[in-house]
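Contents: one structure, followed by commentary.
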Amino acid sequence: MDNKTIEKAVFVGIIRQTDDERKVMEYLDELEFLADTAGVAGDKKFVQRVDKPDNSTYIRSGKLEEISQYCEENCINYVIFDDELTGMQQRNIERVIKTAAVIDRTSLILEIFSQRAKTAYAKTQVELARYNYMLPRLAGMWTHLERQRGGVGMRGGMGETQIEIDRRIVRERIARLKEQLKQIDKQMATQRSNRGQLVRLSLVGYTNVGKSTLMNVLSKSDVFAENKLFATLDTTVRKVVIGNVPFLLSDTVGFIRKLPTQLIEAFKSTLDEVREADILVHVVDISHPDYEEQMEVVDKTLKDINATDKPVYVVFNKTDSYTYEKYDEFSLEPKTEKNFTMEEVKYKWANEKKIPCIFISAKEKIGIDKMRDDIYKMVAEIHAGRYPFNNFLW
């Protein structure tokens, strides 16, 4: 995707009988934000109510024709589907939509990761994820080539088809990339072991919740941060001292709904910083209307990478952007979370759910001193247990 020219995309999703229409539209809004991160402008959203995705074209033929006509009339460059398409679905859709490129959510995220990867390590991880995504979709990429590469007079099965050749090439490339990552993993493991036994904190959270901004506030460093999805891919580690207590603070890639399995697999080594942390600092964007669902996505991803056996300190960030709908006392509708004041939200998490948490604004420096005090106490407790004879520090 070329950021130098303004390209347009439409977005496609389905609403099943069990789906919440509002959530489906929010997923499409997030898909548009992903496209914007990749340098593509959103144009229109298409949704269709179905019992289940069509096995051959994901959506029904009538809606597909409608999208095709719209793309042709409005010079649309991309049609982006919110779910991962099978190779067969993509090929069938492309037969109808001929004036725009057809991609799915996974392909879009892979494109963003490819754009954002800066180090050789991140680039290798993204390339591995791309090839893993590509492998089952090779059929149909070579329909313009001859079917058989065997010599004249050879029996059936003696030659090697083009698709078999390409699968073999891709598998060999995947094997080489995995070997490269193994070597880099060994180097990174050595680096982690050389850091000694300093207490480790790792920032985790949904993408674009302000982890990198918080990293800058705590470590007084200059980590790249912007209002884009996946601004950070490479793990950043900083030594931080609060009071007289030193510790290591790491920030790595954010999580997202429907994170492609290929990326989770490729980035598992990067997420070693999370697995090896003593404390997880779960950063949450409290201003997001579905922040609780985002928290669930993070919890699920932590479970996927076997990192759920650690104390978690929840930092509800962006309190300066929190809004709520004032509740009408004479309304017949029950009061819901959208009517909660900030004080009511704080009471819910600190008193009802009883989780270690704090409410801050990293951008506006609200609540930072209290957060530093909380972190100091948690780190000091672990440090004292790790170095029982160095308690003179406190």
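Ordering of the structure tokens sets the chain letters (A, B, ...), residue numbers begin anew at 1 in every chain, and ligands are numbered from 1 in the order given.
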According to DSSP computed on the backbone, where in range 52-95 of chain A is there helix (DSSP H, G or I)? Give the residues as a short mmCIF file (atom, residue, chain, number, x, y, z; two decimals) with C-alpha atoms, in the first residue's frame.
data_model
loop_
_atom_site.label_atom_id
_atom_site.label_comp_id
_atom_site.auth_asym_id
_atom_site.auth_seq_id
_atom_site.Cartn_x
_atom_site.Cartn_y
_atom_site.Cartn_z
CA SER A 61 -23.97 -12.88 -4.35
CA GLY A 62 -26.38 -9.92 -4.33
CA LYS A 63 -24.35 -8.00 -1.75
CA LEU A 64 -21.15 -8.94 -3.57
CA GLU A 65 -22.49 -7.47 -6.81
CA GLU A 66 -23.55 -4.32 -4.96
CA ILE A 67 -20.03 -3.88 -3.54
CA SER A 68 -18.47 -4.55 -6.94
CA GLN A 69 -20.62 -1.88 -8.59
CA TYR A 70 -19.87 0.63 -5.83
CA CYS A 71 -16.12 0.03 -6.16
CA GLU A 72 -16.24 0.55 -9.92
CA GLU A 73 -18.29 3.76 -9.67
CA GLY A 87 -8.18 -19.05 -0.33
CA MET A 88 -11.28 -20.27 -2.18
CA GLN A 89 -13.44 -17.42 -0.84
CA GLN A 90 -10.88 -14.83 -1.87
CA ARG A 91 -10.53 -16.22 -5.40
CA ASN A 92 -14.31 -16.37 -5.88
CA ILE A 93 -14.76 -12.81 -4.60
CA GLU A 94 -12.02 -11.58 -6.92
CA ARG A 95 -13.91 -13.04 -9.88
#
Name the residues in contact with Gln17 in chain A at a cut-off of 10 Å, using only C-alpha atoms, excluding same-chain residues fewer than 5 positions from it; report them as number ranges by chain. A: 49-52
Select, from A:Asp104, A:Glu273, A:Asp83, A:Glu296, the residue with the minimum atom-to-atom distance to Val24 in chain A, counting only C-alpha atoms. A:Asp83
I'd like the interatomic distance between CA of Asp328 in chain A and CA of Pro289 in chain A, to a tenth of an Å.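 For CA of Asp328 in chain A relative to CA of Pro289 in chain A, the distance reads 19.5 Å.
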Using only C-alpha atoms, which residue out of A:Tyr347, A:Tyr78, A:Phe11, A:Phe247 lies closest to Ala277 in chain A?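 Looking at the shortest contact to Ala277 in chain A, the residue is A:Phe247.
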Restricting the calculation to only C-alpha atoms, which member of A:Lys346, A:Lys239, A:Arg60, A:Arg257 is positioned closest to Leu28 in chain A? A:Arg257
Within 10 Å of Leu248 in chain A using only C-alpha atoms, minus same-chain residues under 5 positions, as a PDB file with N, CA, C and O atoms, in the first residue's frame:
ATOM      1  N   ARG A 195      21.204  -9.417  32.331  1.00  0.00           N
ATOM      2  CA  ARG A 195      20.643  -8.300  33.085  1.00  0.00           C
ATOM      3  C   ARG A 195      20.615  -8.575  34.580  1.00  0.00           C
ATOM      4  O   ARG A 195      20.209  -7.726  35.367  1.00  0.00           O
ATOM      5  N   GLN A 197      19.486 -10.232  38.162  1.00  0.00           N
ATOM      6  CA  GLN A 197      18.222 -10.582  38.793  1.00  0.00           C
ATOM      7  C   GLN A 197      17.368  -9.360  39.120  1.00  0.00           C
ATOM      8  O   GLN A 197      16.612  -9.368  40.090  1.00  0.00           O
ATOM      9  N   LEU A 198      17.522  -8.295  38.342  1.00  0.00           N
ATOM     10  CA  LEU A 198      16.674  -7.129  38.567  1.00  0.00           C
ATOM     11  C   LEU A 198      15.208  -7.503  38.376  1.00  0.00           C
ATOM     12  O   LEU A 198      14.868  -8.316  37.518  1.00  0.00           O
ATOM     13  N   VAL A 199      14.342  -6.917  39.187  1.00  0.00           N
ATOM     14  CA  VAL A 199      12.904  -7.144  39.057  1.00  0.00           C
ATOM     15  C   VAL A 199      12.457  -6.619  37.685  1.00  0.00           C
ATOM     16  O   VAL A 199      12.903  -5.566  37.232  1.00  0.00           O
ATOM     17  N   ARG A 200      11.579  -7.386  37.025  1.00  0.00           N
ATOM     18  CA  ARG A 200      11.124  -7.022  35.682  1.00  0.00           C
ATOM     19  C   ARG A 200       9.634  -6.730  35.663  1.00  0.00           C
ATOM     20  O   ARG A 200       8.837  -7.525  36.132  1.00  0.00           O
ATOM     21  N   LEU A 201       9.286  -5.586  35.085  1.00  0.00           N
ATOM     22  CA  LEU A 201       7.893  -5.231  34.845  1.00  0.00           C
ATOM     23  C   LEU A 201       7.681  -5.161  33.342  1.00  0.00           C
ATOM     24  O   LEU A 201       8.547  -4.674  32.612  1.00  0.00           O
ATOM     25  N   SER A 202       6.543  -5.644  32.890  1.00  0.00           N
ATOM     26  CA  SER A 202       6.244  -5.602  31.458  1.00  0.00           C
ATOM     27  C   SER A 202       4.897  -4.930  31.234  1.00  0.00           C
ATOM     28  O   SER A 202       3.899  -5.280  31.873  1.00  0.00           O
ATOM     29  N   SER A 219      10.096   5.990  32.468  1.00  0.00           N
ATOM     30  CA  SER A 219      11.545   5.823  32.269  1.00  0.00           C
ATOM     31  C   SER A 219      12.229   7.109  31.830  1.00  0.00           C
ATOM     32  O   SER A 219      13.453   7.153  31.683  1.00  0.00           O
ATOM     33  N   VAL A 237      13.275  -2.114  26.263  1.00  0.00           N
ATOM     34  CA  VAL A 237      13.549  -2.362  27.678  1.00  0.00           C
ATOM     35  C   VAL A 237      14.352  -1.189  28.235  1.00  0.00           C
ATOM     36  O   VAL A 237      15.346  -0.773  27.632  1.00  0.00           O
ATOM     37  N   ARG A 238      13.910  -0.640  29.362  1.00  0.00           N
ATOM     38  CA  ARG A 238      14.609   0.463  30.014  1.00  0.00           C
ATOM     39  C   ARG A 238      14.828   0.144  31.486  1.00  0.00           C
ATOM     40  O   ARG A 238      13.969  -0.466  32.119  1.00  0.00           O
ATOM     41  N   LYS A 239      15.976   0.562  31.998  1.00  0.00           N
ATOM     42  CA  LYS A 239      16.203   0.466  33.439  1.00  0.00           C
ATOM     43  C   LYS A 239      15.600   1.699  34.083  1.00  0.00           C
ATOM     44  O   LYS A 239      15.847   2.829  33.658  1.00  0.00           O
ATOM     45  N   VAL A 240      14.775   1.472  35.100  1.00  0.00           N
ATOM     46  CA  VAL A 240      14.073   2.562  35.790  1.00  0.00           C
ATOM     47  C   VAL A 240      14.415   2.494  37.275  1.00  0.00           C
ATOM     48  O   VAL A 240      14.551   1.404  37.836  1.00  0.00           O
ATOM     49  N   VAL A 241      14.555   3.643  37.900  1.00  0.00           N
ATOM     50  CA  VAL A 241      14.787   3.697  39.349  1.00  0.00           C
ATOM     51  C   VAL A 241      13.720   4.602  39.954  1.00  0.00           C
ATOM     52  O   VAL A 241      13.566   5.757  39.556  1.00  0.00           O
ATOM     53  N   ALA A 277       8.478 -11.723  32.927  1.00  0.00           N
ATOM     54  CA  ALA A 277       8.309 -10.584  33.830  1.00  0.00           C
ATOM     55  C   ALA A 277       7.874 -11.044  35.218  1.00  0.00           C
ATOM     56  O   ALA A 277       7.246 -12.091  35.379  1.00  0.00           O
ATOM     57  N   ASP A 278       8.216 -10.261  36.234  1.00  0.00           N
ATOM     58  CA  ASP A 278       7.763 -10.528  37.603  1.00  0.00           C
ATOM     59  C   ASP A 278       6.377  -9.935  37.839  1.00  0.00           C
ATOM     60  O   ASP A 278       5.582 -10.468  38.602  1.00  0.00           O
TER      61      ASP A 278
END
Nearest residue to Asp374 in chain A from the set A:Pro356, A:Pro246, A:Pro260, A:Gly205 (distances using only C-alpha atoms):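 Closest to Asp374 in chain A, using only C-alpha atoms: A:Pro356.
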Atom pair CA of Lys348 in chain A / CA of Leu214 in chain A: separation (Å): 23.5 Å
Closest-contact table, range 266-303 of chain A side, partner range 332-343 of chain A, 12 Å, counting only C-alpha atoms, as JSON lines:
{"residue": "A:Ile286", "atom": "CA", "partner": "A:Met342", "partner_atom": "CA", "distance": 9.5}
{"residue": "A:Ser287", "atom": "CA", "partner": "A:Met342", "partner_atom": "CA", "distance": 10.1}
{"residue": "A:His288", "atom": "CA", "partner": "A:Lys338", "partner_atom": "CA", "distance": 10.7}
{"residue": "A:Pro289", "atom": "CA", "partner": "A:Lys338", "partner_atom": "CA", "distance": 7.8}
{"residue": "A:Asp290", "atom": "CA", "partner": "A:Lys338", "partner_atom": "CA", "distance": 10.0}
{"residue": "A:Tyr291", "atom": "CA", "partner": "A:Glu337", "partner_atom": "CA", "distance": 11.1}
{"residue": "A:Glu292", "atom": "CA", "partner": "A:Glu337", "partner_atom": "CA", "distance": 10.5}
Can those selected residues be exported to a file as a PDB file, in the first residue's frame so that it contains C-alpha atoms?
ATOM      1  CA  ILE A 286     -10.702   3.721  30.048  1.00  0.00           C
ATOM      2  CA  SER A 287     -12.117   6.203  27.497  1.00  0.00           C
ATOM      3  CA  HIS A 288     -12.847   3.436  24.982  1.00  0.00           C
ATOM      4  CA  PRO A 289     -16.528   2.395  24.984  1.00  0.00           C
ATOM      5  CA  ASP A 290     -15.575  -1.308  24.921  1.00  0.00           C
ATOM      6  CA  TYR A 291     -12.565  -1.200  27.224  1.00  0.00           C
ATOM      7  CA  GLU A 292     -13.759  -4.272  29.141  1.00  0.00           C
TER       8      GLU A 292
END
Of A:Arg16, A:Lys363, A:Arg168, A:Arg22, the one nearest to Val209 in chain A when counting only C-alpha atoms is A:Lys363
One number please: CA of Tyr133 in chain A to CA of Thr86 in chain A, in Å, one decimal.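 Spanning CA of Tyr133 in chain A to CA of Thr86 in chain A is a straight-line distance of 10.4 Å.
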Of the candidates A:Asn208, A:Gln187, A:Gln262, A:Thr57, which shows the shortest atom-to-atom distance to Leu135 in chain A, using only C-alpha atoms?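 Under the stated criterion, the closest residue is A:Gln262.
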